[in-house]
Amino acid sequence: MTSATRQPGTPAAALPARLIATDLDGTLLRDDKSVSARTVAALAAAEEAGIEVFFVTGRPARWMDVVSDHVHGHGLAICGNGAAVVDLHGDPGTHRFVMVRELARENALNSVRLLREAVPGTVFAVEQTYGFHQEPGYPKLHMEIPDNLMDAEELLAPDGPCAAQSVLKILAYHPTLDPDAFLTLARLAVGAHANVTRSSPSALLELSGPGVSKASTLALCCAERGISHEEVVAFGDMPNDVEMLTWAGQSYAMGNAHPDVVAAASGRTVANNDDGVAVVIERILADRMR
């Protein structure tokens, strides 16, 4: 594993990159949620060189305006930790869902019940294709007004307000637990009912359908394009990136990454505020010119 302070190189035995898959928050984006001019130039140069760029994020589609100006060609992004593939052409709120991998309501209800029993004090929110709902006790973690305020069991009922759209993920928050401890407890409690991960520095978990992750949806998108995992270069910083970094032929943990991400990645780059993604892309393109 390369040092966080060293310019990362491409392993000599690796296949030439055909697709770059990058997380957003804490990875491509700086802490102020901007995309630096250096990163914009690197993304454009990669596309010009014939390397597709996929944004692969836990964000919902409606939060993708921060990078919608930087999609090239296909215009697609993987959102909701793999729960949706979205065409970012068009304004926020009107994005076309190309693929939806929903969390079945029975699984969602079972997950809520099991987490309430195992970890008292947990509160929930529900993320849908075009909607966001939360329990009254769920904190203001997101800069938006929920469509509905009621208990998760009511939200997820067959005749409840979430009945008309697919559920992409459940958000579970605990006010006092350590984030990693909460993740471990939740995975044990929920079992096979949902895929549980986290991307927030707080004790906020994200529950998707069984088998749904950034990695599994990225694999589907790559298969459609005839791209093997050995031809993918991936970047991430938090536990929800671990599967993707393990799957990709080349993967880089940011200098600011969670320890589990560092362990999963095949290399390291510098922190998001130091344009770590751009550093690697520039090196890949420079190596191609040799």
# chains A, B, ... in the order shown; residues from 1 in each chain; ligands from 1
$ closest_atom_pairs --of "stretch 31-61 of chain A" --to "stretch 208-229 of chain A" --cutoff "12 Å" --atoms "only C-alpha atoms" --output "tab-separated table"
residue	atom	partner	partner_atom	distance
A:Ile51	CA	A:Ile227	CA	10.9
A:Glu52	CA	A:Cys222	CA	10.2
A:Val53	CA	A:Cys222	CA	11.3
A:Phe54	CA	A:Leu218	CA	8.6
A:Phe55	CA	A:Leu218	CA	9.9
A:Val56	CA	A:Lys214	CA	6.5
A:Thr57	CA	A:Lys214	CA	7.5
A:Gly58	CA	A:Lys214	CA	8.3
A:Arg59	CA	A:Lys214	CA	11.5
$ write_last_selection --atoms "C-alpha atoms" --output "compact mmCIF listing (two decimals), in the first residue's frame"
# COMPACT_ATOMS: atom_id res chain seq x y z
CA ILE A 51 -12.20 6.45 -19.84
CA GLU A 52 -15.78 6.56 -18.58
CA VAL A 53 -16.41 8.29 -15.26
CA PHE A 54 -19.15 7.11 -12.92
CA PHE A 55 -20.13 8.97 -9.77
CA VAL A 56 -21.04 6.29 -7.19
CA THR A 57 -22.57 7.81 -4.08
CA GLY A 58 -24.88 7.34 -1.15
CA ARG A 59 -26.59 10.60 -2.10
$ closest_atom_pairs --of "stretch 124-174 of chain A" --to "stretch 178-181 of chain A" --cutoff "12 Å" --atoms "only C-alpha atoms" --output "JSON lines"
{"residue": "A:Ala172", "atom": "CA", "partner": "A:Pro179", "partner_atom": "CA", "distance": 11.1}
{"residue": "A:Tyr173", "atom": "CA", "partner": "A:Pro179", "partner_atom": "CA", "distance": 9.4}
{"residue": "A:His174", "atom": "CA", "partner": "A:Pro179", "partner_atom": "CA", "distance": 8.5}
$ closest_residue --among "A:Ala61, A:Phe132, A:Val233, A:Ala265" --to "A:Val98" --atoms "only C-alpha atoms"
A:Ala61
$ residues_around --residues "stretch 274-284 of chain A" --least-positions-apart "6" --cutoff "9 Å" --atoms "only C-alpha atoms" --output "list in words"
Gln7, Pro8, Gly9, Thr10, Pro16, Ala17, Ile20, Thr22, Thr27, Leu28, Leu29, Arg30, Val35, Ser36, Arg38, Thr39, Val40, Ala41, Ala42, Leu43, Ala45, Ala46, Phe235, Tyr252, Met254, Gly255 and Arg268 of chain A
$ write_last_selection --atoms "N, CA, C and O atoms" --output "mmCIF file, in the first residue's frame"
data_model
loop_
_atom_site.group_PDB
_atom_site.id
_atom_site.type_symbol
_atom_site.label_atom_id
_atom_site.label_comp_id
_atom_site.auth_asym_id
_atom_site.auth_seq_id
_atom_site.Cartn_x
_atom_site.Cartn_y
_atom_site.Cartn_z
ATOM 1 N N GLN A 7 2.852 10.271 -4.322
ATOM 2 C CA GLN A 7 2.013 10.245 -5.521
ATOM 3 C C GLN A 7 1.776 8.797 -5.918
ATOM 4 O O GLN A 7 2.725 8.052 -6.162
ATOM 5 N N PRO A 8 0.507 8.345 -5.942
ATOM 6 C CA PRO A 8 0.239 6.935 -6.246
ATOM 7 C C PRO A 8 0.478 6.614 -7.708
ATOM 8 O O PRO A 8 0.193 7.403 -8.591
ATOM 9 N N GLY A 9 1.000 5.456 -7.954
ATOM 10 C CA GLY A 9 1.209 5.005 -9.312
ATOM 11 C C GLY A 9 0.254 3.891 -9.663
ATOM 12 O O GLY A 9 -0.388 3.301 -8.805
ATOM 13 N N THR A 10 0.143 3.574 -10.940
ATOM 14 C CA THR A 10 -0.682 2.465 -11.388
ATOM 15 C C THR A 10 0.142 1.189 -11.363
ATOM 16 O O THR A 10 1.226 1.156 -11.932
ATOM 17 N N PRO A 16 -5.219 -1.634 -18.570
ATOM 18 C CA PRO A 16 -5.504 -0.202 -18.757
ATOM 19 C C PRO A 16 -6.904 0.139 -18.257
ATOM 20 O O PRO A 16 -7.854 -0.617 -18.464
ATOM 21 N N ALA A 17 -7.023 1.273 -17.598
ATOM 22 C CA ALA A 17 -8.306 1.685 -17.033
ATOM 23 C C ALA A 17 -9.299 2.025 -18.138
ATOM 24 O O ALA A 17 -8.967 2.725 -19.101
ATOM 25 N N ILE A 20 -13.582 4.897 -14.418
ATOM 26 C CA ILE A 20 -13.253 5.441 -13.100
ATOM 27 C C ILE A 20 -14.552 5.552 -12.312
ATOM 28 O O ILE A 20 -15.523 6.163 -12.779
ATOM 29 N N THR A 22 -15.996 6.868 -8.732
ATOM 30 C CA THR A 22 -15.599 7.663 -7.577
ATOM 31 C C THR A 22 -16.787 8.048 -6.705
ATOM 32 O O THR A 22 -17.837 8.462 -7.195
ATOM 33 N N THR A 27 -14.495 12.404 -0.896
ATOM 34 C CA THR A 27 -13.639 11.767 -1.907
ATOM 35 C C THR A 27 -13.398 12.730 -3.069
ATOM 36 O O THR A 27 -12.350 13.351 -3.158
ATOM 37 N N LEU A 28 -14.355 12.844 -3.965
ATOM 38 C CA LEU A 28 -14.210 13.768 -5.094
ATOM 39 C C LEU A 28 -14.445 15.214 -4.653
ATOM 40 O O LEU A 28 -13.756 16.136 -5.109
ATOM 41 N N LEU A 29 -15.423 15.407 -3.780
ATOM 42 C CA LEU A 29 -15.764 16.748 -3.313
ATOM 43 C C LEU A 29 -14.842 17.175 -2.185
ATOM 44 O O LEU A 29 -14.471 16.363 -1.328
ATOM 45 N N ARG A 30 -14.513 18.445 -2.175
ATOM 46 C CA ARG A 30 -13.806 18.994 -1.025
ATOM 47 C C ARG A 30 -14.788 19.144 0.137
ATOM 48 O O ARG A 30 -15.994 18.970 -0.028
ATOM 49 N N VAL A 35 -16.279 21.096 -6.288
ATOM 50 C CA VAL A 35 -15.392 20.310 -7.133
ATOM 51 C C VAL A 35 -14.314 21.261 -7.623
ATOM 52 O O VAL A 35 -14.609 22.251 -8.296
ATOM 53 N N SER A 36 -13.066 20.992 -7.277
ATOM 54 C CA SER A 36 -11.992 21.919 -7.614
ATOM 55 C C SER A 36 -11.774 21.990 -9.118
ATOM 56 O O SER A 36 -12.110 21.065 -9.864
ATOM 57 N N ARG A 38 -9.005 21.733 -10.606
ATOM 58 C CA ARG A 38 -8.080 20.660 -10.975
ATOM 59 C C ARG A 38 -8.841 19.350 -11.192
ATOM 60 O O ARG A 38 -8.569 18.615 -12.150
ATOM 61 N N THR A 39 -9.799 19.064 -10.324
ATOM 62 C CA THR A 39 -10.572 17.829 -10.457
ATOM 63 C C THR A 39 -11.465 17.868 -11.686
ATOM 64 O O THR A 39 -11.593 16.879 -12.408
ATOM 65 N N VAL A 40 -12.099 19.008 -11.947
ATOM 66 C CA VAL A 40 -12.923 19.156 -13.153
ATOM 67 C C VAL A 40 -12.086 18.873 -14.398
ATOM 68 O O VAL A 40 -12.515 18.148 -15.305
ATOM 69 N N ALA A 41 -10.882 19.433 -14.437
ATOM 70 C CA ALA A 41 -10.003 19.230 -15.595
ATOM 71 C C ALA A 41 -9.591 17.762 -15.720
ATOM 72 O O ALA A 41 -9.543 17.213 -16.828
ATOM 73 N N ALA A 42 -9.326 17.097 -14.597
ATOM 74 C CA ALA A 42 -8.918 15.695 -14.638
ATOM 75 C C ALA A 42 -10.052 14.805 -15.126
ATOM 76 O O ALA A 42 -9.837 13.881 -15.927
ATOM 77 N N LEU A 43 -11.280 15.057 -14.670
ATOM 78 C CA LEU A 43 -12.433 14.272 -15.122
ATOM 79 C C LEU A 43 -12.640 14.435 -16.628
ATOM 80 O O LEU A 43 -12.888 13.465 -17.347
ATOM 81 N N ALA A 45 -10.396 15.288 -18.847
ATOM 82 C CA ALA A 45 -9.279 14.663 -19.562
ATOM 83 C C ALA A 45 -9.451 13.144 -19.630
ATOM 84 O O ALA A 45 -9.131 12.517 -20.650
ATOM 85 N N ALA A 46 -9.971 12.553 -18.556
ATOM 86 C CA ALA A 46 -10.213 11.109 -18.558
ATOM 87 C C ALA A 46 -11.254 10.740 -19.604
ATOM 88 O O ALA A 46 -11.073 9.794 -20.382
ATOM 89 N N PHE A 235 -12.463 4.933 -6.115
ATOM 90 C CA PHE A 235 -12.009 5.823 -5.041
ATOM 91 C C PHE A 235 -13.093 5.905 -3.964
ATOM 92 O O PHE A 235 -14.284 5.968 -4.281
ATOM 93 N N TYR A 252 -8.359 3.118 -4.507
ATOM 94 C CA TYR A 252 -7.607 4.085 -3.722
ATOM 95 C C TYR A 252 -8.439 4.605 -2.564
ATOM 96 O O TYR A 252 -9.559 5.087 -2.750
ATOM 97 N N MET A 254 -8.775 7.463 0.209
ATOM 98 C CA MET A 254 -8.344 8.847 0.352
ATOM 99 C C MET A 254 -7.482 9.014 1.601
ATOM 100 O O MET A 254 -7.549 8.217 2.541
ATOM 101 N N GLY A 255 -6.683 10.071 1.624
ATOM 102 C CA GLY A 255 -5.851 10.341 2.795
ATOM 103 C C GLY A 255 -6.649 10.562 4.058
ATOM 104 O O GLY A 255 -6.118 10.412 5.164
ATOM 105 N N ARG A 268 -3.331 4.095 -1.865
ATOM 106 C CA ARG A 268 -3.786 5.308 -1.179
ATOM 107 C C ARG A 268 -3.434 6.525 -2.010
ATOM 108 O O ARG A 268 -2.470 6.521 -2.775
#
$ select_by_dssp --residues "stretch 2-246 of chain A" --states "strand (DSSP E or B)" --output "count of residues only"
53
$ residues_around --residues "A:Glu154" --least-positions-apart "6" --cutoff "12 Å" --atoms "only C-alpha atoms" --output "mmCIF file with N, CA and C atoms, in the first residue's frame"
data_model
loop_
_atom_site.group_PDB
_atom_site.id
_atom_site.type_symbol
_atom_site.label_atom_id
_atom_site.label_comp_id
_atom_site.auth_asym_id
_atom_site.auth_seq_id
_atom_site.Cartn_x
_atom_site.Cartn_y
_atom_site.Cartn_z
ATOM 1 N N ARG A 105 -40.747 -3.717 1.054
ATOM 2 C CA ARG A 105 -41.357 -3.193 2.278
ATOM 3 C C ARG A 105 -41.312 -4.201 3.422
ATOM 4 N N ALA A 108 -37.964 -3.946 4.801
ATOM 5 C CA ALA A 108 -37.814 -2.672 5.497
ATOM 6 C C ALA A 108 -38.488 -2.714 6.866
ATOM 7 N N LEU A 109 -39.713 -3.237 6.914
ATOM 8 C CA LEU A 109 -40.444 -3.317 8.180
ATOM 9 C C LEU A 109 -39.756 -4.260 9.159
ATOM 10 N N VAL A 112 -36.682 -2.445 10.558
ATOM 11 C CA VAL A 112 -37.062 -1.448 11.560
ATOM 12 C C VAL A 112 -37.397 -2.135 12.883
ATOM 13 N N PHE A 124 -35.858 6.606 12.606
ATOM 14 C CA PHE A 124 -35.761 6.228 11.203
ATOM 15 C C PHE A 124 -36.266 7.299 10.246
ATOM 16 N N ALA A 125 -35.742 7.211 9.015
ATOM 17 C CA ALA A 125 -36.255 7.980 7.880
ATOM 18 C C ALA A 125 -36.322 7.044 6.678
ATOM 19 N N VAL A 126 -37.140 7.401 5.703
ATOM 20 C CA VAL A 126 -37.357 6.568 4.523
ATOM 21 C C VAL A 126 -37.016 7.372 3.276
ATOM 22 N N HIS A 133 -39.146 10.873 3.860
ATOM 23 C CA HIS A 133 -40.065 10.887 4.986
ATOM 24 C C HIS A 133 -39.277 10.534 6.240
ATOM 25 N N GLN A 134 -39.734 11.015 7.387
ATOM 26 C CA GLN A 134 -39.001 10.710 8.616
ATOM 27 C C GLN A 134 -39.934 10.635 9.815
ATOM 28 N N GLU A 135 -39.410 10.004 10.859
ATOM 29 C CA GLU A 135 -40.123 9.971 12.120
ATOM 30 C C GLU A 135 -39.983 11.319 12.823
ATOM 31 N N ASN A 148 -43.405 13.665 4.900
ATOM 32 C CA ASN A 148 -44.301 13.195 5.956
ATOM 33 C C ASN A 148 -43.525 12.994 7.238
ATOM 34 N N GLY A 160 -49.776 3.187 3.348
ATOM 35 C CA GLY A 160 -49.124 4.382 3.875
ATOM 36 C C GLY A 160 -48.635 5.316 2.787
ATOM 37 N N PRO A 161 -48.061 6.451 3.165
ATOM 38 C CA PRO A 161 -47.616 7.459 2.194
ATOM 39 C C PRO A 161 -46.466 7.018 1.302
ATOM 40 N N CYS A 162 -45.794 5.922 1.657
ATOM 41 C CA CYS A 162 -44.686 5.437 0.826
ATOM 42 C C CYS A 162 -45.122 4.375 -0.174
ATOM 43 N N ALA A 163 -46.413 4.106 -0.256
ATOM 44 C CA ALA A 163 -46.892 2.987 -1.071
ATOM 45 C C ALA A 163 -46.735 3.215 -2.566
#
$ atom_distance --atom1 "atom CA of A:Tyr138" --atom2 "atom CA of A:Ala257"
26.9 Å
$ select_by_dssp --residues "stretch 67-148 of chain A" --states "helix (DSSP H, G or I)" --output "JSON, numbers by chain"
{"A": [68, 69, 70, 80, 81, 82, 105, 106, 107, 108, 109, 110, 111, 112, 113, 114, 115, 116, 117, 118]}
$ decode --residues "stretch 131-144 of chain A" --atoms "all heavy atoms" --output "PDB file, in the first residue's frame"
ATOM      1  N   GLY A 131     -39.088  10.909  -2.975  1.00  0.00           N
ATOM      2  CA  GLY A 131     -39.618  11.372  -1.699  1.00  0.00           C
ATOM      3  C   GLY A 131     -38.694  11.080  -0.539  1.00  0.00           C
ATOM      4  O   GLY A 131     -37.837  10.195  -0.587  1.00  0.00           O
ATOM      5  N   PHE A 132     -38.892  11.843   0.540  1.00  0.00           N
ATOM      6  CA  PHE A 132     -38.148  11.656   1.774  1.00  0.00           C
ATOM      7  C   PHE A 132     -39.107  11.843   2.946  1.00  0.00           C
ATOM      8  O   PHE A 132     -39.813  12.850   3.024  1.00  0.00           O
ATOM      9  CB  PHE A 132     -36.984  12.651   1.876  1.00  0.00           C
ATOM     10  CG  PHE A 132     -36.239  12.572   3.183  1.00  0.00           C
ATOM     11  CD1 PHE A 132     -35.353  11.538   3.422  1.00  0.00           C
ATOM     12  CD2 PHE A 132     -36.432  13.525   4.172  1.00  0.00           C
ATOM     13  CE1 PHE A 132     -34.660  11.451   4.621  1.00  0.00           C
ATOM     14  CE2 PHE A 132     -35.751  13.450   5.373  1.00  0.00           C
ATOM     15  CZ  PHE A 132     -34.860  12.408   5.600  1.00  0.00           C
ATOM     16  N   HIS A 133     -39.146  10.873   3.860  1.00  0.00           N
ATOM     17  CA  HIS A 133     -40.065  10.887   4.986  1.00  0.00           C
ATOM     18  C   HIS A 133     -39.277  10.534   6.240  1.00  0.00           C
ATOM     19  O   HIS A 133     -38.293   9.796   6.179  1.00  0.00           O
ATOM     20  CB  HIS A 133     -41.188   9.861   4.775  1.00  0.00           C
ATOM     21  CG  HIS A 133     -41.708   9.802   3.374  1.00  0.00           C
ATOM     22  ND1 HIS A 133     -42.786  10.546   2.933  1.00  0.00           N
ATOM     23  CD2 HIS A 133     -41.287   9.102   2.291  1.00  0.00           C
ATOM     24  CE1 HIS A 133     -43.012  10.291   1.658  1.00  0.00           C
ATOM     25  NE2 HIS A 133     -42.104   9.421   1.244  1.00  0.00           N
ATOM     26  N   GLN A 134     -39.734  11.015   7.387  1.00  0.00           N
ATOM     27  CA  GLN A 134     -39.001  10.710   8.616  1.00  0.00           C
ATOM     28  C   GLN A 134     -39.934  10.635   9.815  1.00  0.00           C
ATOM     29  O   GLN A 134     -41.067  11.118   9.785  1.00  0.00           O
ATOM     30  CB  GLN A 134     -37.913  11.759   8.863  1.00  0.00           C
ATOM     31  CG  GLN A 134     -38.443  13.139   9.211  1.00  0.00           C
ATOM     32  CD  GLN A 134     -37.317  14.131   9.475  1.00  0.00           C
ATOM     33  OE1 GLN A 134     -36.493  14.374   8.609  1.00  0.00           O
ATOM     34  NE2 GLN A 134     -37.309  14.695  10.675  1.00  0.00           N
ATOM     35  N   GLU A 135     -39.410  10.004  10.859  1.00  0.00           N
ATOM     36  CA  GLU A 135     -40.123   9.971  12.120  1.00  0.00           C
ATOM     37  C   GLU A 135     -39.983  11.319  12.823  1.00  0.00           C
ATOM     38  O   GLU A 135     -39.007  12.051  12.601  1.00  0.00           O
ATOM     39  CB  GLU A 135     -39.567   8.852  13.002  1.00  0.00           C
ATOM     40  CG  GLU A 135     -39.806   7.468  12.438  1.00  0.00           C
ATOM     41  CD  GLU A 135     -39.467   6.361  13.415  1.00  0.00           C
ATOM     42  OE1 GLU A 135     -38.440   6.474  14.120  1.00  0.00           O
ATOM     43  OE2 GLU A 135     -40.221   5.376  13.453  1.00  0.00           O
ATOM     44  N   PRO A 136     -40.933  11.646  13.720  1.00  0.00           N
ATOM     45  CA  PRO A 136     -40.845  12.937  14.419  1.00  0.00           C
ATOM     46  C   PRO A 136     -39.547  13.114  15.209  1.00  0.00           C
ATOM     47  O   PRO A 136     -39.032  14.224  15.316  1.00  0.00           O
ATOM     48  CB  PRO A 136     -42.060  12.898  15.347  1.00  0.00           C
ATOM     49  CG  PRO A 136     -43.040  12.010  14.653  1.00  0.00           C
ATOM     50  CD  PRO A 136     -42.202  10.952  13.986  1.00  0.00           C
ATOM     51  N   GLY A 137     -38.994  12.018  15.726  1.00  0.00           N
ATOM     52  CA  GLY A 137     -37.777  12.132  16.527  1.00  0.00           C
ATOM     53  C   GLY A 137     -36.486  12.128  15.738  1.00  0.00           C
ATOM     54  O   GLY A 137     -35.402  12.304  16.310  1.00  0.00           O
ATOM     55  N   TYR A 138     -36.585  11.933  14.439  1.00  0.00           N
ATOM     56  CA  TYR A 138     -35.384  11.918  13.592  1.00  0.00           C
ATOM     57  C   TYR A 138     -34.836  13.341  13.488  1.00  0.00           C
ATOM     58  O   TYR A 138     -35.580  14.284  13.185  1.00  0.00           O
ATOM     59  CB  TYR A 138     -35.749  11.381  12.214  1.00  0.00           C
ATOM     60  CG  TYR A 138     -34.599  11.108  11.282  1.00  0.00           C
ATOM     61  CD1 TYR A 138     -33.953   9.883  11.279  1.00  0.00           C
ATOM     62  CD2 TYR A 138     -34.172  12.072  10.365  1.00  0.00           C
ATOM     63  CE1 TYR A 138     -32.915   9.613  10.396  1.00  0.00           C
ATOM     64  CE2 TYR A 138     -33.131  11.828   9.483  1.00  0.00           C
ATOM     65  CZ  TYR A 138     -32.512  10.594   9.513  1.00  0.00           C
ATOM     66  OH  TYR A 138     -31.477  10.342   8.630  1.00  0.00           O
ATOM     67  N   PRO A 139     -33.540  13.549  13.741  1.00  0.00           N
ATOM     68  CA  PRO A 139     -32.994  14.913  13.775  1.00  0.00           C
ATOM     69  C   PRO A 139     -32.896  15.556  12.395  1.00  0.00           C
ATOM     70  O   PRO A 139     -32.997  14.877  11.372  1.00  0.00           O
ATOM     71  CB  PRO A 139     -31.608  14.713  14.381  1.00  0.00           C
ATOM     72  CG  PRO A 139     -31.233  13.324  13.999  1.00  0.00           C
ATOM     73  CD  PRO A 139     -32.509  12.527  14.008  1.00  0.00           C
ATOM     74  N   LYS A 140     -32.673  16.848  12.378  1.00  0.00           N
ATOM     75  CA  LYS A 140     -32.511  17.584  11.119  1.00  0.00           C
ATOM     76  C   LYS A 140     -31.100  17.375  10.598  1.00  0.00           C
ATOM     77  O   LYS A 140     -30.244  18.245  10.673  1.00  0.00           O
ATOM     78  CB  LYS A 140     -32.790  19.070  11.334  1.00  0.00           C
ATOM     79  CG  LYS A 140     -34.248  19.441  11.298  1.00  0.00           C
ATOM     80  CD  LYS A 140     -34.412  20.946  11.104  1.00  0.00           C
ATOM     81  CE  LYS A 140     -35.844  21.266  10.723  1.00  0.00           C
ATOM     82  NZ  LYS A 140     -36.006  22.711  10.423  1.00  0.00           N
ATOM     83  N   LEU A 141     -30.871  16.206  10.025  1.00  0.00           N
ATOM     84  CA  LEU A 141     -29.565  15.884   9.463  1.00  0.00           C
ATOM     85  C   LEU A 141     -29.455  16.309   8.006  1.00  0.00           C
ATOM     86  O   LEU A 141     -28.372  16.381   7.457  1.00  0.00           O
ATOM     87  CB  LEU A 141     -29.312  14.378   9.567  1.00  0.00           C
ATOM     88  CG  LEU A 141     -29.279  13.799  10.984  1.00  0.00           C
ATOM     89  CD1 LEU A 141     -29.195  12.280  10.932  1.00  0.00           C
ATOM     90  CD2 LEU A 141     -28.107  14.353  11.772  1.00  0.00           C
ATOM     91  N   HIS A 142     -30.563  16.556   7.373  1.00  0.00           N
ATOM     92  CA  HIS A 142     -30.595  16.844   5.947  1.00  0.00           C
ATOM     93  C   HIS A 142     -31.257  18.198   5.728  1.00  0.00           C
ATOM     94  O   HIS A 142     -32.216  18.553   6.407  1.00  0.00           O
ATOM     95  CB  HIS A 142     -31.372  15.755   5.191  1.00  0.00           C
ATOM     96  CG  HIS A 142     -31.025  14.374   5.651  1.00  0.00           C
ATOM     97  ND1 HIS A 142     -29.835  13.754   5.331  1.00  0.00           N
ATOM     98  CD2 HIS A 142     -31.704  13.502   6.435  1.00  0.00           C
ATOM     99  CE1 HIS A 142     -29.797  12.565   5.889  1.00  0.00           C
ATOM    100  NE2 HIS A 142     -30.915  12.382   6.566  1.00  0.00           N
ATOM    101  N   MET A 143     -30.736  18.944   4.789  1.00  0.00           N
ATOM    102  CA  MET A 143     -31.235  20.290   4.525  1.00  0.00           C
ATOM    103  C   MET A 143     -32.468  20.227   3.640  1.00  0.00           C
ATOM    104  O   MET A 143     -32.473  20.698   2.504  1.00  0.00           O
ATOM    105  CB  MET A 143     -30.135  21.140   3.883  1.00  0.00           C
ATOM    106  CG  MET A 143     -28.904  21.295   4.747  1.00  0.00           C
ATOM    107  SD  MET A 143     -29.241  22.076   6.342  1.00  0.00           S
ATOM    108  CE  MET A 143     -29.698  23.721   5.802  1.00  0.00           C
ATOM    109  N   GLU A 144     -33.524  19.610   4.156  1.00  0.00           N
ATOM    110  CA  GLU A 144     -34.755  19.522   3.399  1.00  0.00           C
ATOM    111  C   GLU A 144     -35.913  19.267   4.345  1.00  0.00           C
ATOM    112  O   GLU A 144     -35.729  18.800   5.467  1.00  0.00           O
ATOM    113  CB  GLU A 144     -34.681  18.417   2.348  1.00  0.00           C
ATOM    114  CG  GLU A 144     -34.423  17.033   2.904  1.00  0.00           C
ATOM    115  CD  GLU A 144     -34.189  16.026   1.798  1.00  0.00           C
ATOM    116  OE1 GLU A 144     -34.795  16.168   0.728  1.00  0.00           O
ATOM    117  OE2 GLU A 144     -33.376  15.099   1.995  1.00  0.00           O
TER     118      GLU A 144
END
